[in-house]
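A.B. asks: My structure file query-v2.cif, mmCIF, C-alpha atoms, is below:
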data_my_file
#
loop_
_atom_site.label_atom_id
_atom_site.label_comp_id
_atom_site.auth_asym_id
_atom_site.auth_seq_id
_atom_site.Cartn_x
_atom_site.Cartn_y
_atom_site.Cartn_z
CA MET Y 1 31.78 123.91 101.07
CA PHE Y 2 33.76 124.41 104.32
CA ASP Y 3 31.68 125.51 107.30
CA ASN Y 4 32.86 128.03 109.89
CA LYS Y 5 34.30 125.33 112.17
CA THR Y 6 36.42 123.89 109.35
CA MET Y 7 37.63 127.33 108.36
CA THR Y 8 38.53 128.08 111.97
CA ALA Y 9 40.54 124.85 112.18
CA ILE Y 10 42.44 125.69 109.00
CA LEU Y 11 43.19 129.17 110.27
CA ALA Y 12 44.35 127.74 113.58
CA PHE Y 13 46.72 125.36 111.79
CA PHE Y 14 48.10 128.22 109.76
CA LEU Y 15 48.61 130.39 112.85
CA LEU Y 16 50.39 127.45 114.46
CA SER Y 17 52.78 127.31 111.53
CA LEU Y 18 53.62 130.96 112.11
CA LEU Y 19 54.92 130.04 115.56
CA LEU Y 20 57.65 127.87 114.02
CA PRO Y 21 61.20 129.31 114.25
CA ALA Y 22 61.79 131.79 111.42
CA ALA Y 23 65.36 130.61 110.83
CA ALA Y 24 64.23 127.04 110.41
CA LEU Y 25 61.39 128.07 108.12
CA ALA Y 26 63.87 129.87 105.87
CA ASN Y 27 65.76 126.57 105.43
CA ALA Y 28 62.84 124.19 105.30
CA MET Y 29 64.34 121.22 103.48
CA PRO Y 30 65.90 118.29 105.35
CA VAL Y 31 69.70 118.52 105.38
CA TYR Y 32 72.46 115.92 105.74
CA LEU Y 33 76.00 117.04 104.93
CA GLU Y 34 78.68 114.42 105.50
CA ARG Y 35 82.10 115.39 106.82
CA GLU Y 36 85.13 113.16 107.18
CA PRO Y 37 86.47 112.04 110.57
CA TYR Y 38 89.96 112.90 111.78
CA PHE Y 39 92.68 110.64 113.13
CA SER Y 40 95.02 110.37 116.07
CA LEU Y 41 98.78 110.04 115.79
CA ALA Y 42 100.50 106.75 114.85
CA PRO Y 43 104.10 105.55 114.46
CA ARG Y 44 105.18 104.73 110.93
CA GLU Y 45 107.28 101.81 112.14
CA ASP Y 46 107.90 99.80 115.32
CA VAL Y 47 109.84 101.93 117.79
CA PRO Y 48 110.43 101.71 121.58
CA LEU Y 49 108.36 104.83 122.20
CA ARG Y 50 105.82 105.01 125.03
CA VAL Y 51 102.87 107.39 125.06
CA GLU Y 52 102.52 108.33 128.73
CA GLY Y 53 99.20 109.97 127.98
CA GLU Y 54 97.17 112.10 125.59
CA GLU Y 55 95.27 115.26 126.34
CA LEU Y 56 92.65 115.87 123.67
CA THR Y 57 90.93 119.25 123.56
CA ILE Y 58 88.09 119.98 121.12
CA GLU Y 59 86.85 123.57 121.15
CA ILE Y 60 83.85 124.52 119.01
CA GLU Y 61 84.13 127.86 117.24
CA GLU Y 62 82.04 130.69 118.63
CA ASN Y 63 80.24 131.47 115.36
CA SER Y 64 80.00 128.00 113.81
CA SER Y 65 78.67 125.00 115.70
CA ALA Y 66 79.94 122.70 112.92
CA THR Y 67 83.61 123.79 113.15
CA ALA Y 68 86.10 123.02 115.89
CA LEU Y 69 89.78 123.43 116.72
CA VAL Y 70 91.38 120.20 117.89
CA THR Y 71 94.55 120.09 119.97
CA ALA Y 72 96.06 116.68 120.73
CA ARG Y 73 98.96 116.79 123.19
CA TYR Y 74 101.00 113.61 123.73
CA ILE Y 75 103.65 112.96 126.38
CA LEU Y 76 106.24 110.66 124.79
CA THR Y 77 109.11 108.77 126.43
CA ASN Y 78 112.08 107.07 124.77
CA MET Y 79 112.28 103.60 126.36
CA ALA Y 80 115.56 102.75 124.60
CA ALA Y 81 119.08 103.25 125.90
CA GLU Y 82 120.06 105.04 122.70
CA ASN Y 83 119.10 108.05 120.62
CA LEU Y 84 115.91 107.63 118.56
CA THR Y 85 114.78 109.23 115.34
CA VAL Y 86 111.08 108.41 115.12
CA PRO Y 87 109.02 108.79 111.92
CA LEU Y 88 105.41 109.63 112.79
CA VAL Y 89 102.30 109.80 110.65
CA PHE Y 90 99.12 111.79 111.16
CA PRO Y 91 96.49 110.64 108.62
CA TYR Y 92 93.51 112.74 107.56
CA LEU Y 93 90.92 112.79 104.80
CA SER Y 94 91.31 115.55 102.24
CA ASN Y 95 88.72 118.29 102.49
CA ASP Y 96 88.22 120.89 99.74
CA LEU Y 97 86.39 123.43 101.92
CA TRP Y 98 89.42 125.04 103.56
CA ASP Y 99 93.17 125.10 103.78
CA PHE Y 100 94.21 122.21 105.96
CA ALA Y 101 96.97 123.89 107.90
CA PRO Y 102 97.82 121.96 111.06
CA VAL Y 103 100.54 123.02 113.46
CA ILE Y 104 102.93 120.46 114.96
CA GLU Y 105 105.17 121.24 117.94
CA TRP Y 106 107.80 119.06 119.62
CA GLY Y 107 109.16 120.31 122.92
CA GLY Y 108 107.56 123.69 122.24
CA GLU Y 109 109.26 124.12 118.84
CA ARG Y 110 107.53 124.04 115.46
CA VAL Y 111 108.10 120.89 113.40
CA ASP Y 112 108.14 120.87 109.59
CA TYR Y 113 106.04 118.23 107.86
CA SER Y 114 105.19 117.05 104.37
CA VAL Y 115 101.84 115.84 103.06
CA PHE Y 116 101.74 112.51 101.23
CA ALA Y 117 98.88 110.63 99.55
CA ALA Y 118 98.05 107.44 101.45
CA GLY Y 119 95.17 105.78 99.59
CA ALA Y 120 91.45 106.28 99.11
CA VAL Y 121 88.28 105.78 101.09
CA ALA Y 122 84.59 106.02 100.26
CA GLY Y 123 81.46 105.85 102.36
CA ASP Y 124 79.95 107.44 105.44
CA TYR Y 125 81.52 106.60 108.81
CA LEU Y 126 78.29 107.35 110.69
CA ALA Y 127 76.24 105.08 108.42
CA GLU Y 128 78.70 102.16 108.04
CA PRO Y 129 81.54 102.50 110.57
CA GLU Y 130 83.00 98.99 110.20
CA GLU Y 131 83.24 99.23 106.41
CA PHE Y 132 84.70 102.72 106.67
CA LEU Y 133 87.31 101.76 109.29
CA ALA Y 134 88.47 98.80 107.20
CA GLN Y 135 89.48 101.29 104.49
CA VAL Y 136 91.44 103.56 106.82
CA ASP Y 137 93.36 100.89 108.71
CA ILE Y 138 96.71 102.40 109.68
CA GLU Y 139 98.70 99.41 108.39
CA ARG Y 140 97.09 99.85 104.99
CA ILE Y 141 97.89 103.57 105.07
CA VAL Y 142 101.55 102.93 105.94
CA ALA Y 143 101.77 100.29 103.18
CA ASN Y 144 100.47 102.86 100.66
CA LEU Y 145 103.04 105.37 101.86
CA ASN Y 146 105.82 102.85 101.21
CA GLN Y 147 104.85 102.14 97.60
CA PRO Y 148 107.56 102.95 95.01
CA PRO Y 149 107.04 105.87 92.57
CA TYR Y 150 104.78 105.12 89.61
CA LYS Y 151 106.38 104.30 86.26
CA PRO Y 152 104.22 105.08 83.19
CA VAL Y 153 103.36 102.23 80.83
CA HIS Y 154 102.21 104.05 77.70
CA PHE Y 155 104.87 106.75 77.37
CA SER Y 156 108.25 107.67 78.82
CA ASP Y 157 108.23 110.68 81.11
CA THR Y 158 112.01 111.02 80.78
CA ALA Y 159 112.06 111.20 76.96
CA PRO Y 160 111.93 114.45 74.94
CA ALA Y 161 108.45 115.65 73.99
CA THR Y 162 106.91 118.42 71.91
CA LEU Y 163 105.46 121.42 73.73
CA TYR Y 164 103.16 123.95 72.02
CA LYS Y 165 103.34 127.38 73.64
CA VAL Y 166 100.26 129.58 73.06
CA THR Y 167 100.58 133.29 73.84
CA PHE Y 168 97.21 134.98 74.42
CA ARG Y 169 97.19 138.27 72.50
CA PRO Y 170 94.48 140.92 71.98
CA PRO Y 171 91.58 141.18 71.51
CA ALA Y 172 90.46 140.48 75.06
CA GLU Y 173 87.03 139.58 76.47
CA ARG Y 174 86.68 136.64 74.10
CA GLN Y 175 86.80 132.84 73.98
CA CYS Y 176 90.14 131.50 72.80
CA ARG Y 177 89.76 128.24 70.86
CA ILE Y 178 92.80 126.31 69.58
CA ALA Y 179 91.85 123.47 67.22
CA PHE Y 180 93.98 120.61 65.90
CA LEU Y 181 93.90 117.10 64.48
CA LEU Y 182 95.90 114.22 65.98
CA ASP Y 183 96.45 110.47 65.61
CA HIS Y 184 93.97 108.97 68.09
CA GLN Y 185 96.00 105.77 68.40
CA GLN Y 186 99.36 107.29 69.31
CA THR Y 187 98.96 110.74 70.80
CA ARG Y 188 97.37 112.41 73.83
CA VAL Y 189 97.61 116.04 74.96
CA LEU Y 190 97.88 117.64 78.40
CA ALA Y 191 96.69 121.28 78.41
CA PHE Y 192 97.83 123.97 80.86
CA GLY Y 193 96.02 127.31 81.09
CA PHE Y 194 92.89 126.07 79.30
CA SER Y 195 89.51 125.39 80.89
CA GLY Y 196 88.09 122.65 78.66
CA PHE Y 197 88.16 120.75 75.39
CA GLU Y 198 85.78 119.36 72.78
CA MET Y 199 85.84 117.14 69.69
CA ASP Y 200 83.72 117.50 66.55
CA ARG Y 201 82.41 114.82 64.14
CA ASP Y 202 85.48 115.13 61.91
CA GLY Y 203 87.76 114.15 64.80
CA ARG Y 204 89.08 117.66 65.25
CA VAL Y 205 89.95 118.49 68.85
CA ALA Y 206 89.85 121.97 70.37
CA VAL Y 207 90.92 123.39 73.72
CA SER Y 208 89.45 126.66 74.91
CA THR Y 209 89.60 129.30 77.62
CA TYR Y 210 88.23 132.79 78.21
CA ILE Y 211 90.67 135.65 77.64
CA SER Y 212 90.04 138.67 79.84
CA ASP Y 213 92.07 141.89 79.90
CA ARG Y 214 94.21 140.49 82.69
CA ARG Y 215 95.05 137.35 80.70
CA VAL Y 216 96.40 139.11 77.64
CA GLY Y 217 100.08 138.19 77.44
CA GLU Y 218 99.69 135.00 79.48
CA VAL Y 219 100.80 131.66 78.06
CA GLY Y 220 98.96 128.35 77.73
CA TYR Y 221 100.66 125.06 76.95
CA LEU Y 222 99.84 121.87 75.05
CA LEU Y 223 102.17 119.05 76.09
CA VAL Y 224 102.22 116.19 73.59
CA LEU Y 225 102.28 112.67 75.07
CA GLY Y 226 103.56 110.28 72.43
CA PRO Y 227 104.57 111.16 68.85
CA ASP Y 228 103.77 114.69 67.73
CA THR Y 229 100.94 114.04 65.27
CA LEU Y 230 99.22 117.40 65.83
CA LYS Y 231 98.10 119.49 62.87
CA MET Y 232 97.44 122.94 64.29
CA GLU Y 233 95.04 125.66 63.16
CA GLU Y 234 96.85 128.82 64.19
CA LYS Y 235 94.85 131.94 65.07
CA ASP Y 236 96.08 135.35 63.97
CA TYR Y 237 95.74 136.80 67.46
CA ASP Y 238 97.11 133.79 69.45
CA HIS Y 239 100.74 133.11 68.66
CA ILE Y 240 101.80 129.44 68.70
CA GLU Y 241 105.37 128.17 68.80
CA LYS Y 242 106.98 124.79 69.46
CA GLU Y 243 109.84 123.65 71.60
CA GLU Y 244 111.24 120.39 72.95
CA VAL Y 245 111.01 119.52 76.66
CA VAL Y 246 111.30 116.50 78.94
CA ILE Y 247 107.83 115.54 80.20
CA ARG Y 248 108.91 114.99 83.79
CA ASP Y 249 110.83 118.27 84.07
CA PHE Y 250 108.05 120.33 82.53
CA ILE Y 251 105.20 118.86 84.60
CA ILE Y 252 107.09 119.16 87.88
CA SER Y 253 107.90 122.80 87.06
CA LYS Y 254 104.17 123.48 86.55
CA LEU Y 255 102.78 121.59 89.55
CA ASP Y 256 100.94 124.09 91.73
CA LEU Y 257 101.12 122.75 95.29
CA ALA Y 258 99.62 125.80 97.01
CA GLY Y 259 95.97 124.84 96.52
CA ALA Y 260 93.53 124.36 99.37
CA ARG Y 261 93.63 120.57 99.35
CA ILE Y 262 97.30 120.08 98.52
CA GLN Y 263 99.05 122.50 100.83
CA ASN Y 264 102.55 121.30 101.83
CA ARG Y 265 102.31 118.38 99.40
CA ASP Y 266 105.51 116.49 98.72
CA ARG Y 267 106.31 117.31 95.09
CA GLU Y 268 107.70 113.91 94.09
CA ASN Y 269 104.81 112.06 95.74
CA PHE Y 270 102.21 114.22 94.02
CA TYR Y 271 103.99 113.92 90.67
CA SER Y 272 103.81 110.12 90.97
CA LEU Y 273 100.03 110.32 91.51
CA PHE Y 274 99.66 112.80 88.67
CA LEU Y 275 101.69 110.55 86.36
CA ARG Y 276 99.50 107.54 87.15
CA GLU Y 277 96.38 109.52 86.23
CA LEU Y 278 98.03 110.90 83.11
CA ASP Y 279 99.06 107.42 81.97
CA GLY Y 280 95.45 106.36 82.44
CA LEU Y 281 94.46 108.71 79.61
CA PHE Y 282 95.71 106.14 77.12
CA GLU Y 283 93.75 103.40 78.85
CA ARG Y 284 90.54 105.45 78.94
CA GLY Y 285 90.93 106.76 75.38
CA GLN Y 286 90.67 110.41 76.45
CA LEU Y 287 92.47 112.53 73.88
CA VAL Y 288 92.96 115.69 75.91
CA SER Y 289 93.20 116.37 79.62
CA VAL Y 290 93.15 119.77 81.31
CA TYR Y 291 95.64 120.26 84.15
CA ASP Y 292 93.18 121.63 86.74
CA GLU Y 293 90.66 118.87 86.07
CA LEU Y 294 93.39 116.24 86.27
CA VAL Y 295 94.50 117.54 89.68
CA ASN Y 296 90.93 117.20 90.93
CA HIS Y 297 90.84 113.61 89.65
CA VAL Y 298 94.10 112.86 91.46
CA LEU Y 299 92.77 114.20 94.75
CA TYR Y 300 89.43 112.47 94.36
CA ARG Y 301 91.09 109.11 93.78
CA ASN Y 302 93.57 109.67 96.63
CA ASN Y 303 91.57 111.31 99.39
CA ILE Y 304 93.50 109.83 102.32
CA SER Y 305 96.48 112.04 103.07
CA ALA Y 306 99.09 111.89 105.80
CA LEU Y 307 101.36 114.36 107.53
CA LEU Y 308 104.82 112.82 107.78
CA PHE Y 309 107.43 114.19 110.18
CA THR Y 310 110.18 112.99 112.49
CA ILE Y 311 111.15 113.69 116.09
CA HIS Y 312 114.44 113.01 117.86
CA LEU Y 313 114.78 111.71 121.43
CA GLU Y 314 117.76 111.06 123.66
CA PRO Y 315 117.83 107.96 125.89
CA GLY Y 316 115.06 108.20 128.47
CA GLN Y 317 113.92 111.61 127.18
CA ARG Y 318 110.35 112.59 128.04
CA SER Y 319 108.76 115.46 126.11
CA ALA Y 320 105.50 116.80 124.69
CA LEU Y 321 104.28 116.52 121.10
CA GLN Y 322 101.31 118.68 120.13
CA VAL Y 323 99.22 118.59 116.94
CA SER Y 324 96.56 121.25 116.28
CA PHE Y 325 94.16 121.23 113.34
CA PRO Y 326 90.62 122.25 112.28
CA MET Y 327 87.76 119.75 112.29
CA ARG Y 328 84.30 119.87 110.72
CA ALA Y 329 81.14 118.09 111.84
CA THR Y 330 78.63 116.07 109.88
CA ILE Y 331 75.45 118.16 110.03
CA ASP Y 332 72.04 116.54 110.09
CA ARG Y 333 68.57 118.12 110.15
CA ARG Y 334 66.50 115.33 108.70
CA GLU Y 335 64.69 114.56 111.95
CA SER Y 336 65.06 117.76 113.97
CA VAL Y 337 64.19 121.42 113.58
CA ASP Y 338 67.76 122.51 114.43
CA TYR Y 339 71.07 121.09 113.25
CA VAL Y 340 72.60 118.07 114.94
CA ASN Y 341 76.39 118.42 114.61
CA THR Y 342 78.33 115.16 114.93
CA PHE Y 343 82.11 115.19 115.39
CA VAL Y 344 84.29 112.09 114.90
CA TYR Y 345 87.86 111.60 116.11
CA LEU Y 346 89.41 108.21 115.32
CA LEU Y 347 91.48 106.97 118.26
CA GLN Y 348 92.47 103.61 116.80
CA PRO Y 349 95.68 104.63 114.95
CA ALA Y 350 97.29 105.31 118.35
CA ARG Y 351 96.98 101.61 119.20
CA HIS Y 352 100.07 101.04 117.07
CA PHE Y 353 102.32 102.56 119.70
CA PRO Y 354 103.93 99.73 121.73
CA GLU Y 355 102.62 101.31 124.95
CA PHE Y 356 99.85 103.84 125.43
CA GLY Y 357 98.78 105.30 128.76
CA GLY Y 358 95.58 107.15 129.53
CA ILE Y 359 93.70 109.86 127.69
CA ASP Y 360 92.01 113.00 128.99
CA ILE Y 361 89.28 114.48 126.80
CA ASN Y 362 88.01 118.05 127.14
CA ILE Y 363 85.19 119.38 124.94
CA LYS Y 364 84.15 123.03 124.96
CA LEU Y 365 80.93 123.90 123.12
CA ASN Y 366 79.58 127.29 122.08
CA ALA Y 367 76.40 129.09 123.17
CA ARG Y 368 74.54 128.11 119.99
CA SER Y 369 74.73 124.35 120.62
CA PRO Y 370 75.76 123.97 124.26
CA TYR Y 371 74.55 120.38 124.81
CA ILE Y 372 75.96 116.98 123.89
CA ILE Y 373 72.96 114.75 123.17
CA GLY Y 374 74.88 111.57 122.29
CA SER Y 375 78.42 110.23 122.73
CA SER Y 376 80.26 106.96 122.12
CA LEU Y 377 82.23 107.53 125.34
CA GLU Y 378 80.84 108.42 128.75
CA LEU Y 379 81.31 112.16 129.27
CA VAL Y 380 80.93 114.23 132.43
CA GLU Y 381 79.21 117.62 132.17
CA GLU Y 382 81.58 119.93 134.06
CA GLY Y 383 79.51 123.07 133.50
CA PRO Y 384 77.51 124.88 130.82
CA GLY Y 385 78.85 123.62 127.48
CA VAL Y 386 81.88 121.87 129.01
CA TYR Y 387 82.31 118.09 128.95
CA SER Y 388 85.19 115.81 129.88
CA ALA Y 389 86.36 112.22 130.23
CA SER Y 390 89.44 110.76 131.88
CA LEU Y 391 90.45 107.21 130.94
CA ASP Y 392 93.45 105.23 132.14
CA HIS Y 393 93.71 103.39 128.82
CA LEU Y 394 92.95 103.88 125.14
CA PRO Y 395 89.25 103.02 124.65
CA ALA Y 396 88.05 100.42 122.18
CA GLU Y 397 85.63 102.93 120.65
CA ASP Y 398 86.40 106.02 118.63
CA LEU Y 399 85.20 109.37 119.94
CA VAL Y 400 81.86 110.30 118.37
CA PHE Y 401 79.62 112.98 119.88
CA SER Y 402 76.66 115.09 118.73
CA THR Y 403 75.73 118.61 119.82
CA TYR Y 404 72.35 120.37 119.82
CA PRO Y 405 70.86 123.70 121.03
CA ARG Y 406 68.74 121.88 123.64
CA PRO Y 407 69.39 118.95 126.02
CA ALA Y 408 67.51 116.55 123.74
CA ILE Y 409 65.62 116.36 120.45
CA THR Y 410 62.02 116.67 121.61
CA PHE Y 411 58.81 115.42 120.06
CA TRP Y 412 58.00 119.01 119.14
CA ASP Y 413 61.40 119.38 117.42
CA ARG Y 414 60.67 116.34 115.28
CA MET Y 415 57.13 117.52 114.51
CA GLN Y 416 58.36 120.94 113.39
CA ALA Y 417 60.97 119.30 111.14
CA ARG Y 418 58.28 117.24 109.44
CA LEU Y 419 56.02 120.27 108.99
CA LEU Y 420 58.86 122.38 107.62
CA SER Y 421 59.83 119.68 105.14
CA ARG Y 422 56.35 120.20 103.70
CA GLY Y 423 56.73 123.92 103.16
CA ASP Y 424 54.61 123.88 99.98
CA LEU Y 425 51.72 122.40 101.97
CA ILE Y 426 51.89 125.19 104.53
CA ILE Y 427 51.84 127.83 101.78
CA PHE Y 428 48.86 126.10 100.17
CA ILE Y 429 46.96 126.03 103.48
CA PHE Y 430 47.69 129.73 103.95
CA PHE Y 431 46.12 130.66 100.62
CA VAL Y 432 43.13 128.37 101.22
CA ALA Y 433 42.56 129.84 104.69
CA ALA Y 434 42.93 133.40 103.40
CA PHE Y 435 40.55 132.73 100.51
CA LEU Y 436 37.90 131.20 102.78
CA TYR Y 437 38.20 134.01 105.29
CA LEU Y 438 37.83 136.74 102.66
CA ARG Y 439 34.94 134.84 101.07
CA SER Y 440 33.16 134.64 104.42
CA VAL Y 441 33.66 138.38 105.05
CA TRP Y 442 32.29 139.17 101.61
CA LYS Y 443 29.22 136.94 102.06
CA ARG Y 444 28.45 138.53 105.45
CA ALA Y 445 28.78 141.98 103.95
CA THR Y 446 26.45 141.15 101.06
CA GLY Y 447 24.03 139.05 103.12
CA THR Y 448 24.59 135.86 101.08
CA ILE Y 449 25.50 133.47 103.92
CA ASP Y 450 25.51 129.74 103.00
CA ASN Y 451 23.04 127.54 104.84
#
Mind turning this structure into C-alpha cells?

C.D. replies:
Amino acid sequence: MFDNKTMTAILAFFLLSLLLPAAALANAMPVYLEREPYFSLAPREDVPLRVEGEELTIEIEENSSATALVTARYILTNMAAENLTVPLVFPYLSNDLWDFAPVIEWGGERVDYSVFAAGAVAGDYLAEPEEFLAQVDIERIVANLNQPPYKPVHFSDTAPATLYKVTFRPPAERQCRIAFLLDHQQTRVLAFGFSGFEMDRDGRVAVSTYISDRRVGEVGYLLVLGPDTLKMEEKDYDHIEKEEVVIRDFIISKLDLAGARIQNRDRENFYSLFLRELDGLFERGQLVSVYDELVNHVLYRNNISALLFTIHLEPGQRSALQVSFPMRATIDRRESVDYVNTFVYLLQPARHFPEFGGIDINIKLNARSPYIIGSSLELVEEGPGVYSASLDHLPAEDLVFSTYPRPAITFWDRMQARLLSRGDLIIFIFFVAAFLYLRSVWKRATGTIDN
C-alpha cells in the first residue's frame, strides 16, 4: 500500500504534467513530416550568360511557420556580341498538397512557362543528403528532359480502337457496376469516369462508380487496348454504345491538366508518361486501369518536374529575372515540445551557369517561430526574426535552416516531449493519484487509517 509520502509524490508528478503546454498535450505523439527541397535556376544548355548576382528572399507566412514564399531575383548579363535566346530550367519536386503556381518575370514582364517531367527521386534530403543530391543532379534532369517521346510496345496508340460509351441514367444514389468478360492474353481496358474495378473467380471483370443525382446524364468510357474481346452485360438503366476512336486522339482529349500537381503541364510530355504507364499494364498483367489512379501512378513515378521557359537578350544586355514560388518545411517534433521547421533550398543547380557572382540571402520569420536554431550557412541576425547573409560567390553548401519558437531547444523542451509521447502513462498516473487521494479521504472520514 502507498503511504502518504508516495501519494504526495504521485500527485506532485501529476500536477507537474498539468503545467505542460496545452497545445502540445493535445498533439502528444512525436511528429516527423518530410517535405521536398526546392531548387535554384539553371541553364538548359551552355550559353554565354553571366549571373551578376542573386538576391534570395524567404518570407515565412504569418499564420503557418511551415510555409514560406520564396523570391529569387537574378541579374543576368549577355556576354556575347549577338542576340541570345536562352532556355532556362527551374526544377522542383512535385507536391500534392497545393497548386504549385510560381510566377516568373523577365525585365518586369510575366513569362509563360510549361511544366515537364524530369525524372524521379526517393529518400529524405535531411537524412541522406548525398544520396538524395545524386538523384537530382541537374545534368541528369536535363538528360531526362531531352528524352524522345515514348513509343508503346504492346499496342499501337495510332491505330483504331473500340470505345464503349456508358451513359449514367436514373435511378440515382446507387452503385453503377458494368461487368464484362475479356481475353486476358490480348486485351486490357482503360476506364474513364469510374472509381475502381474488381474480378471474380469466373474471370469476369467489373468497373464501378457511385451515381449521385448530379451524375445522372454523365458519361463514362471503357477504352479497349488490343482486340475487342469484351462480352458486355448491359444494364437496363445504363445505356452502352460502341464507337471507333484512335487511342492517342481520345486519351489526349481526356487528359485533365488542371489538377493540383500537374498545373501548366505540357500535354505531349504528360501523354508520353501516361502512355508508358499504360503500356506497362500488359507487362504487369493488370486487366483494367482507372484513369485517375493511373495519373497518380504517373506522378508518383515522375516526381521531379521542371519549369521550362526562354528569355531573350540583346548583346551586352543586363536585366533582372525573378522567380517566386511557395515552399514548405520539413516539420519535426520527435525531440522537442514545439515544432522544428526545416527549410531547404538547393543552390547547386546554379553552378551550371558559366559565371556566377555573389548571393544575398534575406530570411524573414514570423512571430510564432522567430528564431533560427541551425543553419548550413552563417547567418547574421539583423533584428527580431530577420536573418541575412551576403556572399561574394556561390557557396559549396545548400541553404538549410531550422526555425523554433525559442532561441534553442532546451533540456526542458526535450523532457516535455518525452513525457508527452507517453500520454497514456500520464492518464494512468492521474487515475491512480485520484484513486489514492479519494481512498485516503474516505479512510480519514471513517477512521480506518492504515498503520

A.B. asks: Given the point (101.6, 131.1, 73.9) in the file's coordinates, find the residues that have an atom at most 9 Å from it, counting all atoms listed in the file, and give them as a PyMOL selection string.

C.D. replies: chain Y and resi 164-169+217-221+238-241

A.B. asks: Go through Y:Asn269, Y:Glu62, Y:Asp398, Y:Gln186 one by one, measure the shortest atom-to-atom distance of each to Glu130 (chain Y) using all atoms listed in the file, and give the residue with the smallest value.

C.D. replies: Y:Asp398

A.B. asks: Which residues, named as in the file, does the PyMOL selection byres ((chain Y and resi 50-58) around 8) pick out? Answer as a ChimeraX atom specification.

C.D. replies: /Y:48-49,59-60,68-79,353-364

A.B. asks: Looking at only C-alpha atoms, which of Y:Phe274, Y:Tyr92, Y:Trp412, Y:Phe401 is the one that sits closest to Val337 (chain Y)?

C.D. replies: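 Using only C-alpha atoms, Val337 (chain Y) sits closest to Y:Trp412.
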
A.B. asks: Taking the file above as input, evaluate the PyMOL selection byres ((chain Y and resi 33) around 10) and report the hits as an mmCIF file with C-alpha atoms, in the coordinates of the input.

C.D. replies:
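As a result, selection-v3.cif now contains:
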data_model
loop_
_atom_site.group_PDB
_atom_site.id
_atom_site.type_symbol
_atom_site.label_atom_id
_atom_site.label_comp_id
_atom_site.auth_asym_id
_atom_site.auth_seq_id
_atom_site.Cartn_x
_atom_site.Cartn_y
_atom_site.Cartn_z
ATOM 1 C CA VAL Y 31 69.700 118.520 105.380
ATOM 2 C CA TYR Y 32 72.460 115.920 105.740
ATOM 3 C CA GLU Y 34 78.680 114.420 105.500
ATOM 4 C CA ARG Y 35 82.100 115.390 106.820
ATOM 5 C CA ALA Y 329 81.140 118.090 111.840
ATOM 6 C CA THR Y 330 78.630 116.070 109.880
ATOM 7 C CA ILE Y 331 75.450 118.160 110.030
ATOM 8 C CA ASP Y 332 72.040 116.540 110.090
ATOM 9 C CA ARG Y 333 68.570 118.120 110.150
ATOM 10 C CA ASN Y 341 76.390 118.420 114.610
#

A.B. asks: Running the PyMOL selection byres ((chain Y and resi 172-183) around 7) on this model by hand, what would come out? Give it as a list in words.

C.D. replies: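 Selected by the PyMOL selection byres ((chain Y and resi 172-183) around 7) here: Pro170, Pro171, His184, Gln185, Gln186, Thr187, Gly203, Arg204, Val205, Ala206, Val207, Ser208, Thr209, Tyr210, Ile211, Ser212, Asp213, Val216, Thr229, Leu230, Lys231, Met232 and Glu233 of chain Y.
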
A.B. asks: Between Y:Gly123, Y:Gly108, Y:Pro91, Y:Pro227, single out the one closest to Leu163 (chain Y), counting only C-alpha atoms.

C.D. replies: Y:Pro227
